[in-house]
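Trainee: Input structure: model.pdb, which contains PDB, C-alpha atoms, pLDDT in the B column.
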```
ATOM      1  CA  MET A   1     154.419  97.962  81.618  1.00 60.00           C
ATOM      2  CA  THR A   2     154.081 101.713  82.015  1.00 70.00           C
ATOM      3  CA  GLU A   3     154.140 103.627  85.309  1.00 73.00           C
ATOM      4  CA  ASN A   4     150.427 104.475  84.983  1.00 77.00           C
ATOM      5  CA  LYS A   5     149.412 100.837  84.603  1.00 79.00           C
ATOM      6  CA  LYS A   6     151.556  99.860  87.610  1.00 79.00           C
ATOM      7  CA  LYS A   7     149.884 102.557  89.719  1.00 78.00           C
ATOM      8  CA  ILE A   8     146.404 101.362  88.701  1.00 79.00           C
ATOM      9  CA  LEU A   9     147.256  97.756  89.625  1.00 82.00           C
ATOM     10  CA  GLU A  10     148.768  98.917  92.942  1.00 80.00           C
ATOM     11  CA  MET A  11     145.553 100.853  93.716  1.00 78.00           C
ATOM     12  CA  LEU A  12     143.545  97.730  92.871  1.00 78.00           C
ATOM     13  CA  ALA A  13     145.780  95.588  95.114  1.00 81.00           C
ATOM     14  CA  ASP A  14     145.333  98.098  97.934  1.00 80.00           C
ATOM     15  CA  LYS A  15     141.579  97.914  97.281  1.00 78.00           C
ATOM     16  CA  LYS A  16     141.464 101.658  96.715  1.00 77.00           C
ATOM     17  CA  ILE A  17     139.548 101.098  93.452  1.00 78.00           C
ATOM     18  CA  SER A  18     137.187  98.403  92.212  1.00 77.00           C
ATOM     19  CA  ILE A  19     137.945  95.908  89.430  1.00 78.00           C
ATOM     20  CA  ASP A  20     135.598  97.798  87.081  1.00 76.00           C
ATOM     21  CA  ASP A  21     137.347 101.101  87.796  1.00 79.00           C
ATOM     22  CA  ALA A  22     140.748  99.522  87.230  1.00 77.00           C
ATOM     23  CA  TYR A  23     139.532  98.040  83.932  1.00 77.00           C
ATOM     24  CA  ARG A  24     138.193 101.409  82.767  1.00 76.00           C
ATOM     25  CA  LEU A  25     141.383 103.209  83.794  1.00 79.00           C
ATOM     26  CA  LEU A  26     143.561 100.642  82.016  1.00 80.00           C
ATOM     27  CA  GLU A  27     141.504 101.120  78.859  1.00 77.00           C
ATOM     28  CA  VAL A  28     141.984 104.899  79.049  1.00 76.00           C
ATOM     29  CA  VAL A  29     145.747 104.471  79.554  1.00 78.00           C
ATOM     30  CA  ASP A  30     145.929 102.096  76.562  1.00 77.00           C
ATOM     31  CA  THR A  31     144.058 104.579  74.360  1.00 70.00           C
ATOM     32  CA  ASP A  32     146.330 107.464  75.392  1.00 68.00           C
ATOM     33  CA  GLU A  33     149.487 105.444  74.791  1.00 67.00           C
ATOM     34  CA  GLY A  34     148.188 104.262  71.425  1.00 62.00           C
ATOM     35  CA  GLN A  35     147.586 107.842  70.323  1.00 59.00           C
ATOM     36  CA  ALA A  36     151.021 108.949  71.540  1.00 59.00           C
ATOM     37  CA  SER A  37     152.827 106.184  69.687  1.00 58.00           C
ATOM     38  CA  THR A  38     150.890 106.634  66.431  1.00 58.00           C
ATOM     39  CA  PRO A  39     153.179 108.452  64.006  1.00 56.00           C
ATOM     40  CA  LYS A  40     151.932 111.792  62.752  1.00 52.00           C
ATOM     41  CA  PRO A  41     150.722 111.888  59.162  1.00 56.00           C
ATOM     42  CA  GLU A  42     153.424 112.850  56.690  1.00 53.00           C
ATOM     43  CA  SER A  43     151.774 116.211  55.986  1.00 53.00           C
ATOM     44  CA  GLU A  44     152.040 117.172  59.673  1.00 52.00           C
ATOM     45  CA  VAL A  45     155.735 116.293  60.000  1.00 57.00           C
ATOM     46  CA  LYS A  46     157.630 119.346  58.907  1.00 63.00           C
ATOM     47  CA  ALA A  47     160.615 118.351  56.805  1.00 71.00           C
ATOM     48  CA  LYS A  48     163.800 120.336  57.207  1.00 78.00           C
ATOM     49  CA  PRO A  49     164.187 122.754  54.306  1.00 83.00           C
ATOM     50  CA  LYS A  50     166.989 121.717  51.977  1.00 87.00           C
ATOM     51  CA  TYR A  51     166.996 124.345  49.265  1.00 91.00           C
ATOM     52  CA  LEU A  52     166.093 127.975  48.777  1.00 91.00           C
ATOM     53  CA  ARG A  53     164.566 128.421  45.337  1.00 93.00           C
ATOM     54  CA  VAL A  54     164.255 131.619  43.356  1.00 93.00           C
ATOM     55  CA  ASN A  55     162.255 131.553  40.140  1.00 93.00           C
ATOM     56  CA  VAL A  56     161.725 134.454  37.805  1.00 92.00           C
ATOM     57  CA  ILE A  57     159.321 133.743  34.982  1.00 90.00           C
ATOM     58  CA  PRO A  58     158.839 136.484  32.398  1.00 87.00           C
ATOM     59  CA  ASP A  59     155.367 137.163  31.118  1.00 80.00           C
ATOM     60  CA  PRO A  60     155.419 136.313  27.398  1.00 74.00           C
ATOM     61  CA  ASP A  61     152.512 138.682  26.710  1.00 74.00           C
ATOM     62  CA  ALA A  62     154.188 141.640  28.416  1.00 68.00           C
ATOM     63  CA  GLU A  63     155.555 144.584  26.501  1.00 65.00           C
ATOM     64  CA  GLY A  64     159.140 143.854  25.416  1.00 60.00           C
ATOM     65  CA  GLY A  65     158.502 140.285  26.709  1.00 59.00           C
ATOM     66  CA  SER A  66     160.958 137.387  26.547  1.00 67.00           C
ATOM     67  CA  GLY A  67     162.998 138.615  29.522  1.00 79.00           C
ATOM     68  CA  ASP A  68     165.394 136.453  31.489  1.00 85.00           C
ATOM     69  CA  ARG A  69     164.003 133.261  32.913  1.00 91.00           C
ATOM     70  CA  VAL A  70     165.828 132.544  36.181  1.00 93.00           C
ATOM     71  CA  ASN A  71     165.840 129.357  38.172  1.00 94.00           C
ATOM     72  CA  VAL A  72     168.223 129.308  41.142  1.00 95.00           C
ATOM     73  CA  ARG A  73     168.490 126.593  43.757  1.00 95.00           C
ATOM     74  CA  VAL A  74     170.692 127.380  46.749  1.00 93.00           C
ATOM     75  CA  PRO A  75     171.402 124.634  49.285  1.00 92.00           C
ATOM     76  CA  MET A  76     170.521 125.587  52.858  1.00 89.00           C
ATOM     77  CA  SER A  77     173.937 124.303  53.907  1.00 89.00           C
ATOM     78  CA  LEU A  78     175.483 127.051  51.781  1.00 90.00           C
ATOM     79  CA  ILE A  79     173.334 129.668  53.512  1.00 86.00           C
ATOM     80  CA  ARG A  80     174.384 128.184  56.858  1.00 85.00           C
ATOM     81  CA  ALA A  81     178.076 128.310  55.877  1.00 87.00           C
ATOM     82  CA  GLY A  82     177.620 131.850  54.578  1.00 85.00           C
ATOM     83  CA  ILE A  83     176.098 133.041  57.848  1.00 82.00           C
ATOM     84  CA  LYS A  84     178.980 131.425  59.737  1.00 81.00           C
ATOM     85  CA  LEU A  85     181.385 133.325  57.502  1.00 82.00           C
ATOM     86  CA  THR A  86     180.085 136.597  58.911  1.00 79.00           C
ATOM     87  CA  SER A  87     182.000 135.812  62.104  1.00 78.00           C
ATOM     88  CA  LEU A  88     185.210 136.155  60.056  1.00 81.00           C
ATOM     89  CA  ILE A  89     184.411 139.638  58.813  1.00 80.00           C
ATOM     90  CA  PRO A  90     186.737 142.122  60.537  1.00 79.00           C
ATOM     91  CA  ALA A  91     185.114 144.832  62.652  1.00 78.00           C
ATOM     92  CA  GLU A  92     186.115 147.620  60.219  1.00 80.00           C
ATOM     93  CA  ALA A  93     184.500 145.767  57.330  1.00 83.00           C
ATOM     94  CA  MET A  94     181.363 145.158  59.415  1.00 84.00           C
ATOM     95  CA  ASP A  95     180.926 148.919  59.809  1.00 86.00           C
ATOM     96  CA  LYS A  96     181.220 149.353  56.055  1.00 89.00           C
ATOM     97  CA  VAL A  97     178.709 146.559  55.409  1.00 87.00           C
ATOM     98  CA  ASN A  98     176.282 148.081  57.910  1.00 88.00           C
ATOM     99  CA  GLY A  99     176.738 151.504  56.299  1.00 90.00           C
ATOM    100  CA  ALA A 100     176.089 150.098  52.830  1.00 92.00           C
ATOM    101  CA  LEU A 101     172.950 148.343  54.080  1.00 90.00           C
ATOM    102  CA  ARG A 102     171.762 151.562  55.720  1.00 91.00           C
ATOM    103  CA  ASP A 103     172.278 153.410  52.425  1.00 92.00           C
ATOM    104  CA  LYS A 104     169.979 150.878  50.780  1.00 90.00           C
ATOM    105  CA  GLY A 105     167.358 151.511  53.441  1.00 89.00           C
ATOM    106  CA  ILE A 106     168.043 148.307  55.375  1.00 88.00           C
ATOM    107  CA  ASN A 107     168.580 149.062  59.038  1.00 86.00           C
ATOM    108  CA  PHE A 108     170.291 145.856  60.081  1.00 83.00           C
ATOM    109  CA  ASP A 109     173.412 145.226  62.148  1.00 83.00           C
ATOM    110  CA  VAL A 110     175.375 142.323  60.654  1.00 79.00           C
ATOM    111  CA  ARG A 111     177.073 141.872  64.046  1.00 78.00           C
ATOM    112  CA  SER A 112     173.759 140.758  65.510  1.00 79.00           C
ATOM    113  CA  VAL A 113     173.876 137.535  63.458  1.00 76.00           C
ATOM    114  CA  LYS A 114     175.033 134.886  65.900  1.00 75.00           C
ATOM    115  CA  THR A 115     176.020 131.388  64.846  1.00 72.00           C
ATOM    116  CA  GLU A 116     173.747 129.998  67.597  1.00 74.00           C
ATOM    117  CA  ASP A 117     170.712 131.528  65.878  1.00 76.00           C
ATOM    118  CA  ILE A 118     171.405 129.947  62.504  1.00 77.00           C
ATOM    119  CA  GLU A 119     169.345 126.794  63.000  1.00 78.00           C
ATOM    120  CA  GLU A 120     166.381 128.807  64.246  1.00 79.00           C
ATOM    121  CA  LEU A 121     166.705 131.106  61.254  1.00 77.00           C
ATOM    122  CA  ILE A 122     166.901 128.208  58.790  1.00 78.00           C
ATOM    123  CA  GLU A 123     163.887 126.565  60.407  1.00 79.00           C
ATOM    124  CA  ALA A 124     161.961 129.821  60.142  1.00 79.00           C
ATOM    125  CA  LEU A 125     162.844 129.979  56.462  1.00 78.00           C
ATOM    126  CA  GLY A 126     160.842 126.761  56.049  1.00 77.00           C
ATOM    127  CA  GLU A 127     157.690 128.870  56.145  1.00 77.00           C
ATOM    128  CA  LEU A 128     158.988 131.337  53.580  1.00 81.00           C
ATOM    129  CA  GLU A 129     157.090 131.788  50.366  1.00 85.00           C
ATOM    130  CA  VAL A 130     157.169 135.009  48.403  1.00 88.00           C
ATOM    131  CA  ASP A 131     155.202 135.541  45.209  1.00 89.00           C
ATOM    132  CA  VAL A 132     155.552 138.803  43.362  1.00 88.00           C
ATOM    133  CA  MET A 133     153.613 139.477  40.184  1.00 84.00           C
ATOM    134  CA  SER A 134     154.658 142.516  38.246  1.00 79.00           C
ATOM    135  CA  GLY A 135     153.583 143.560  34.782  1.00 76.00           C
ATOM    136  CA  ARG A 136     156.578 141.928  33.152  1.00 80.00           C
ATOM    137  CA  GLU A 137     157.452 138.915  35.272  1.00 86.00           C
ATOM    138  CA  LYS A 138     156.541 136.669  38.134  1.00 89.00           C
ATOM    139  CA  VAL A 139     159.049 136.229  40.952  1.00 91.00           C
ATOM    140  CA  ARG A 140     158.727 133.330  43.320  1.00 91.00           C
ATOM    141  CA  VAL A 141     160.954 132.681  46.349  1.00 91.00           C
ATOM    142  CA  PHE A 142     160.352 129.587  48.379  1.00 90.00           C
ATOM    143  CA  VAL A 143     162.068 126.733  50.189  1.00 88.00           C
ATOM    144  CA  GLU A 144     161.778 123.039  49.510  1.00 85.00           C
TER     145      GLU A 144
ATOM    146  CA  MET B 145     179.722 118.277  57.444  1.00 65.00           C
ATOM    147  CA  ASN B 146     178.533 117.668  53.878  1.00 77.00           C
ATOM    148  CA  ARG B 147     180.459 115.599  51.427  1.00 86.00           C
ATOM    149  CA  PRO B 148     182.471 117.761  49.023  1.00 90.00           C
ATOM    150  CA  PRO B 149     181.010 118.252  45.547  1.00 92.00           C
ATOM    151  CA  LEU B 150     182.242 115.944  42.818  1.00 93.00           C
ATOM    152  CA  LEU B 151     181.386 117.665  39.561  1.00 94.00           C
ATOM    153  CA  MET B 152     180.468 121.073  38.283  1.00 95.00           C
ATOM    154  CA  HIS B 153     178.512 121.366  35.073  1.00 96.00           C
ATOM    155  CA  VAL B 154     178.774 124.680  33.249  1.00 95.00           C
ATOM    156  CA  LYS B 155     176.863 125.428  30.044  1.00 95.00           C
ATOM    157  CA  ILE B 156     176.982 128.818  28.384  1.00 94.00           C
ATOM    158  CA  ARG B 157     175.132 129.649  25.195  1.00 92.00           C
ATOM    159  CA  GLY B 158     175.444 132.980  23.444  1.00 88.00           C
ATOM    160  CA  GLU B 159     175.036 134.540  20.044  1.00 85.00           C
ATOM    161  CA  ASN B 160     178.563 133.462  19.101  1.00 85.00           C
ATOM    162  CA  GLY B 161     178.149 129.826  20.005  1.00 89.00           C
ATOM    163  CA  LYS B 162     177.867 127.536  22.964  1.00 90.00           C
ATOM    164  CA  PHE B 163     180.247 126.080  25.487  1.00 90.00           C
ATOM    165  CA  GLY B 164     179.793 123.237  27.925  1.00 93.00           C
ATOM    166  CA  LEU B 165     182.101 121.835  30.560  1.00 93.00           C
ATOM    167  CA  TRP B 166     181.996 119.108  33.173  1.00 95.00           C
ATOM    168  CA  LEU B 167     184.559 120.174  35.760  1.00 92.00           C
ATOM    169  CA  PRO B 168     185.771 117.244  37.899  1.00 93.00           C
ATOM    170  CA  LEU B 169     186.017 118.922  41.279  1.00 91.00           C
ATOM    171  CA  PHE B 170     187.002 115.648  42.940  1.00 91.00           C
ATOM    172  CA  LEU B 171     190.266 115.786  40.964  1.00 92.00           C
ATOM    173  CA  LEU B 172     190.922 119.343  42.075  1.00 89.00           C
ATOM    174  CA  ILE B 173     190.704 118.463  45.782  1.00 89.00           C
ATOM    175  CA  PRO B 174     193.969 116.436  45.926  1.00 91.00           C
ATOM    176  CA  LEU B 175     195.614 119.123  43.786  1.00 92.00           C
ATOM    177  CA  ALA B 176     194.484 121.860  46.177  1.00 90.00           C
ATOM    178  CA  LEU B 177     195.657 119.759  49.112  1.00 91.00           C
ATOM    179  CA  VAL B 178     199.139 119.418  47.604  1.00 94.00           C
ATOM    180  CA  VAL B 179     199.287 123.188  46.984  1.00 94.00           C
ATOM    181  CA  LEU B 180     198.147 123.792  50.568  1.00 91.00           C
ATOM    182  CA  ILE B 181     200.826 121.470  51.968  1.00 94.00           C
ATOM    183  CA  ILE B 182     203.517 123.152  49.851  1.00 95.00           C
ATOM    184  CA  LEU B 183     202.373 126.603  50.906  1.00 93.00           C
ATOM    185  CA  SER B 184     201.733 125.699  54.553  1.00 92.00           C
ATOM    186  CA  PRO B 185     205.099 127.049  55.857  1.00 94.00           C
ATOM    187  CA  LEU B 186     204.382 130.390  54.157  1.00 93.00           C
ATOM    188  CA  ILE B 187     200.815 130.409  55.481  1.00 90.00           C
ATOM    189  CA  LEU B 188     202.092 129.647  58.986  1.00 91.00           C
ATOM    190  CA  ILE B 189     204.619 132.498  58.822  1.00 93.00           C
ATOM    191  CA  ALA B 190     201.951 134.887  57.508  1.00 90.00           C
ATOM    192  CA  VAL B 191     199.574 133.856  60.304  1.00 89.00           C
ATOM    193  CA  LEU B 192     202.268 134.358  62.952  1.00 91.00           C
ATOM    194  CA  VAL B 193     203.269 137.750  61.539  1.00 92.00           C
ATOM    195  CA  LEU B 194     199.666 138.923  61.336  1.00 88.00           C
ATOM    196  CA  TRP B 195     198.619 137.440  64.700  1.00 88.00           C
ATOM    197  CA  PRO B 196     199.207 140.607  66.820  1.00 87.00           C
ATOM    198  CA  SER B 197     197.007 142.681  64.500  1.00 83.00           C
ATOM    199  CA  GLY B 198     194.164 140.152  64.735  1.00 79.00           C
ATOM    200  CA  TRP B 199     194.238 139.319  61.034  1.00 82.00           C
ATOM    201  CA  GLY B 200     196.270 136.147  61.661  1.00 85.00           C
ATOM    202  CA  LYS B 201     193.425 134.552  63.577  1.00 84.00           C
ATOM    203  CA  LEU B 202     191.009 135.483  60.800  1.00 84.00           C
ATOM    204  CA  ALA B 203     193.369 134.040  58.175  1.00 84.00           C
ATOM    205  CA  LEU B 204     193.684 130.819  60.159  1.00 86.00           C
ATOM    206  CA  HIS B 205     189.922 130.476  60.552  1.00 87.00           C
ATOM    207  CA  SER B 206     189.273 131.316  56.928  1.00 87.00           C
ATOM    208  CA  LEU B 207     190.837 128.023  55.768  1.00 86.00           C
ATOM    209  CA  PRO B 208     188.313 125.671  57.422  1.00 88.00           C
ATOM    210  CA  ALA B 209     185.535 128.169  56.635  1.00 89.00           C
ATOM    211  CA  SER B 210     186.447 128.097  52.941  1.00 89.00           C
ATOM    212  CA  TRP B 211     186.420 124.301  52.988  1.00 89.00           C
ATOM    213  CA  ARG B 212     182.984 124.376  54.659  1.00 89.00           C
ATOM    214  CA  VAL B 213     181.649 126.699  51.967  1.00 91.00           C
ATOM    215  CA  PHE B 214     183.165 124.506  49.253  1.00 91.00           C
ATOM    216  CA  CYS B 215     181.459 121.422  50.729  1.00 91.00           C
ATOM    217  CA  SER B 216     178.174 123.319  50.958  1.00 92.00           C
ATOM    218  CA  ILE B 217     177.881 124.196  47.283  1.00 92.00           C
ATOM    219  CA  ARG B 218     176.802 120.664  46.388  1.00 92.00           C
ATOM    220  CA  GLY B 219     173.284 120.962  45.031  1.00 92.00           C
ATOM    221  CA  LEU B 220     173.669 124.550  43.855  1.00 94.00           C
ATOM    222  CA  LYS B 221     171.936 125.199  40.565  1.00 96.00           C
ATOM    223  CA  VAL B 222     171.811 128.430  38.611  1.00 95.00           C
ATOM    224  CA  ASP B 223     169.874 128.538  35.376  1.00 95.00           C
ATOM    225  CA  VAL B 224     169.399 131.862  33.634  1.00 93.00           C
ATOM    226  CA  HIS B 225     168.217 131.994  30.077  1.00 89.00           C
ATOM    227  CA  ASN B 226     166.480 134.100  27.517  1.00 86.00           C
ATOM    228  CA  PRO B 227     165.938 133.437  23.790  1.00 83.00           C
ATOM    229  CA  ARG B 228     169.430 134.736  22.960  1.00 86.00           C
ATOM    230  CA  ASP B 229     171.733 133.645  25.809  1.00 90.00           C
ATOM    231  CA  SER B 230     171.755 131.147  28.596  1.00 93.00           C
ATOM    232  CA  VAL B 231     173.945 130.256  31.548  1.00 94.00           C
ATOM    233  CA  TYR B 232     173.584 127.017  33.440  1.00 95.00           C
ATOM    234  CA  ILE B 233     175.717 126.042  36.432  1.00 95.00           C
ATOM    235  CA  SER B 234     175.082 122.946  38.442  1.00 95.00           C
ATOM    236  CA  VAL B 235     177.179 121.423  41.214  1.00 94.00           C
ATOM    237  CA  VAL B 236     176.702 117.747  41.975  1.00 92.00           C
TER     238      VAL B 236
END
```
Would you mind writing the structure in this file as structure tokens?

Mentor:
Amino acid sequence: MTENKKKILEMLADKKISIDDAYRLLEVVDTDEGQASTPKPESEVKAKPKYLRVNVIPDPDAEGGSGDRVNVRVPMSLIRAGIKLTSLIPAEAMDKVNGALRDKGINFDVRSVKTEDIEELIEALGELEVDVMSGREKVRVFVE
Amino acid sequence: MNRPPLLMHVKIRGENGKFGLWLPLFLLIPLALVVLIILSPLILIAVLVLWPSGWGKLALHSLPASWRVFCSIRGLKVDVHNPRDSVYISVV
């Protein structure tokens, strides 16, 4: 018996509420508990992403068509292990990596990647879906 | 931690012919372990020598990290092809 039901019966025993009130309250408690214990539909339960997929599909009608068709599936565990590897990069190398990223226009400090943030990052990747259509090919990045 | 990968399938097709290989990674693990045990005194000395500079700690940590990465590649699939060439790598 739940705490709420016990309280209702105690209130009834103390004659603080009538039998009808107690009956109504018990019904409400039963309904609430039923809803809480009902499992969410499968579509609502967000599965943990397992793979990062990158697909490049060339447009056969494009000029100079028949480009490379790419299908890459990277396990999330590999991404996780790769992020953890950043903690092994020596400080001097970190500066070089940061400099190279800056040269490419990416203003990101590799030192800011903390192993504690990995799970949050991986979970956030679950929402990722990138579709790029260019004249020659279609690039799709997503997780599954 | 993930289970280590068992097999690696490599298929390469080019203008000169094609090549396919099933690499039994599970057989390489005991081999690598034996090599590691044989080399462990040298690794230990190298770690101790490099410890004051900070590189020893990194070298020591890189061993379990490498194993973690190796275990994580299970499920990796790379498939790149065009009408002339193709490369397929799959780790199972």

Trainee: List every residue of chain B that has an atom at most 12 Å from any atom of chain A, giving for each one its closest atom pair and the distance in Å to one decimal, counting all atoms listed in the file, sorted by chain and then by ascending residue number, as a tab-separated table.

Mentor:
```
residue	atom	partner	partner_atom	distance
B:Met145	CA	A:Ser77	CA	9.1
B:Asn146	CA	A:Ser77	CA	8.1
B:Arg147	CA	A:Ser77	CA	11.2
B:Pro148	CA	A:Ser77	CA	11.8
B:Ser197	CA	A:Pro90	CA	11.0
B:Gly198	CA	A:Pro90	CA	8.8
B:Trp199	CA	A:Pro90	CA	8.0
B:Gly200	CA	A:Leu88	CA	11.2
B:Lys201	CA	A:Leu88	CA	9.1
B:Leu202	CA	A:Leu88	CA	5.9
B:Ala203	CA	A:Leu88	CA	8.6
B:Leu204	CA	A:Leu88	CA	10.0
B:His205	CA	A:Leu88	CA	7.4
B:Ser206	CA	A:Leu88	CA	7.1
B:Leu207	CA	A:Leu88	CA	10.8
B:Pro208	CA	A:Leu85	CA	10.3
B:Ala209	CA	A:Leu85	CA	6.7
B:Ser210	CA	A:Leu85	CA	8.6
B:Trp211	CA	A:Ala81	CA	9.7
B:Arg212	CA	A:Ala81	CA	6.4
B:Val213	CA	A:Ala81	CA	5.5
B:Phe214	CA	A:Leu78	CA	8.5
B:Cys215	CA	A:Leu78	CA	8.3
B:Ser216	CA	A:Leu78	CA	4.7
B:Ile217	CA	A:Leu78	CA	5.8
B:Arg218	CA	A:Pro75	CA	7.3
B:Gly219	CA	A:Pro75	CA	5.9
B:Leu220	CA	A:Val74	CA	5.0
B:Lys221	CA	A:Arg73	CA	4.9
B:Val222	CA	A:Val72	CA	4.5
B:Asp223	CA	A:Asn71	CA	5.0
B:Val224	CA	A:Val70	CA	4.4
B:His225	CA	A:Arg69	CA	5.2
B:Asn226	CA	A:Asp68	CA	4.7
B:Pro227	CA	A:Ser66	CA	6.9
B:Arg228	CA	A:Ser66	CA	9.6
B:Asp229	CA	A:Asp68	CA	9.0
B:Ser230	CA	A:Asp68	CA	8.8
B:Val231	CA	A:Val70	CA	9.6
B:Tyr232	CA	A:Asn71	CA	9.4
B:Ile233	CA	A:Val72	CA	9.4
B:Ser234	CA	A:Arg73	CA	9.2
B:Val235	CA	A:Val74	CA	10.4
B:Val236	CA	A:Pro75	CA	11.4
```

Trainee: Just to be explicit: take each residue in the selection above, keep C-alpha atoms, and write the result as a PDB file, in the coordinates of the input.

Mentor:
```pdb
ATOM      1  CA  MET B 145     179.722 118.277  57.444  1.00 65.00           C
ATOM      2  CA  ASN B 146     178.533 117.668  53.878  1.00 77.00           C
ATOM      3  CA  ARG B 147     180.459 115.599  51.427  1.00 86.00           C
ATOM      4  CA  PRO B 148     182.471 117.761  49.023  1.00 90.00           C
ATOM      5  CA  SER B 197     197.007 142.681  64.500  1.00 83.00           C
ATOM      6  CA  GLY B 198     194.164 140.152  64.735  1.00 79.00           C
ATOM      7  CA  TRP B 199     194.238 139.319  61.034  1.00 82.00           C
ATOM      8  CA  GLY B 200     196.270 136.147  61.661  1.00 85.00           C
ATOM      9  CA  LYS B 201     193.425 134.552  63.577  1.00 84.00           C
ATOM     10  CA  LEU B 202     191.009 135.483  60.800  1.00 84.00           C
ATOM     11  CA  ALA B 203     193.369 134.040  58.175  1.00 84.00           C
ATOM     12  CA  LEU B 204     193.684 130.819  60.159  1.00 86.00           C
ATOM     13  CA  HIS B 205     189.922 130.476  60.552  1.00 87.00           C
ATOM     14  CA  SER B 206     189.273 131.316  56.928  1.00 87.00           C
ATOM     15  CA  LEU B 207     190.837 128.023  55.768  1.00 86.00           C
ATOM     16  CA  PRO B 208     188.313 125.671  57.422  1.00 88.00           C
ATOM     17  CA  ALA B 209     185.535 128.169  56.635  1.00 89.00           C
ATOM     18  CA  SER B 210     186.447 128.097  52.941  1.00 89.00           C
ATOM     19  CA  TRP B 211     186.420 124.301  52.988  1.00 89.00           C
ATOM     20  CA  ARG B 212     182.984 124.376  54.659  1.00 89.00           C
ATOM     21  CA  VAL B 213     181.649 126.699  51.967  1.00 91.00           C
ATOM     22  CA  PHE B 214     183.165 124.506  49.253  1.00 91.00           C
ATOM     23  CA  CYS B 215     181.459 121.422  50.729  1.00 91.00           C
ATOM     24  CA  SER B 216     178.174 123.319  50.958  1.00 92.00           C
ATOM     25  CA  ILE B 217     177.881 124.196  47.283  1.00 92.00           C
ATOM     26  CA  ARG B 218     176.802 120.664  46.388  1.00 92.00           C
ATOM     27  CA  GLY B 219     173.284 120.962  45.031  1.00 92.00           C
ATOM     28  CA  LEU B 220     173.669 124.550  43.855  1.00 94.00           C
ATOM     29  CA  LYS B 221     171.936 125.199  40.565  1.00 96.00           C
ATOM     30  CA  VAL B 222     171.811 128.430  38.611  1.00 95.00           C
ATOM     31  CA  ASP B 223     169.874 128.538  35.376  1.00 95.00           C
ATOM     32  CA  VAL B 224     169.399 131.862  33.634  1.00 93.00           C
ATOM     33  CA  HIS B 225     168.217 131.994  30.077  1.00 89.00           C
ATOM     34  CA  ASN B 226     166.480 134.100  27.517  1.00 86.00           C
ATOM     35  CA  PRO B 227     165.938 133.437  23.790  1.00 83.00           C
ATOM     36  CA  ARG B 228     169.430 134.736  22.960  1.00 86.00           C
ATOM     37  CA  ASP B 229     171.733 133.645  25.809  1.00 90.00           C
ATOM     38  CA  SER B 230     171.755 131.147  28.596  1.00 93.00           C
ATOM     39  CA  VAL B 231     173.945 130.256  31.548  1.00 94.00           C
ATOM     40  CA  TYR B 232     173.584 127.017  33.440  1.00 95.00           C
ATOM     41  CA  ILE B 233     175.717 126.042  36.432  1.00 95.00           C
ATOM     42  CA  SER B 234     175.082 122.946  38.442  1.00 95.00           C
ATOM     43  CA  VAL B 235     177.179 121.423  41.214  1.00 94.00           C
ATOM     44  CA  VAL B 236     176.702 117.747  41.975  1.00 92.00           C
TER      45      VAL B 236
END
```

Trainee: State, in Å with one decimal place, the distance from CA of Thr115 (chain A) to CA of Phe170 (chain B).

Mentor: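 So the answer is 29.1 Å.
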
Trainee: Could you jot down the CA of Leu151 (chain B) to CA of Leu169 (chain B) separation for me, Å, one decimal place?

Mentor: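 Spanning CA of Leu151 (chain B) to CA of Leu169 (chain B) is a straight-line distance of 5.1 Å.
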
Trainee: Grab the CA of Ile19 (chain A) to CA of Lys6 (chain A) distance for me, in Å with one decimal place.

Mentor: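 Straight-line distance from CA of Ile19 (chain A) to CA of Lys6 (chain A) works out to 14.3 Å.
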
Trainee: List as a PyMOL selection string the protein and nucleic acid residues near Arg111 (chain A), meaning an atom at most 9 Å away when all atoms listed in the file are counted, but skip any in the same chain fewer than 6 places from it.

Mentor: chain A and resi 86-87+91+94+98

Trainee: Here is a test: counting all atoms listed in the file, which residue of A:Leu9, A:Val141, A:Leu101, A:Ile83 is nearest to Asp21 (chain A)?

Mentor: A:Leu9

Trainee: Go through A:Ile57, A:Ala100, A:Asp20, A:Asp131 and flag the residue nearest Ile8 (chain A), using all atoms listed in the file for the distances.

Mentor: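 For Ile8 (chain A), the nearest of the candidates is A:Asp20.
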
Trainee: Neighbouring residues of Leu167 (chain B) were defined as those with any atom within 8 Å, considering all atoms listed in the file; residues of the same chain fewer than 4 positions away were excluded. Please report them as a PDB file with C-alpha atoms, in the frame of the given file.

Mentor:
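This went into around-v8.pdb:
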```pdb
ATOM      1  CA  LEU B 151     181.386 117.665  39.561  1.00 94.00           C
ATOM      2  CA  MET B 152     180.468 121.073  38.283  1.00 95.00           C
ATOM      3  CA  HIS B 153     178.512 121.366  35.073  1.00 96.00           C
ATOM      4  CA  VAL B 154     178.774 124.680  33.249  1.00 95.00           C
TER       5      VAL B 154
END
```
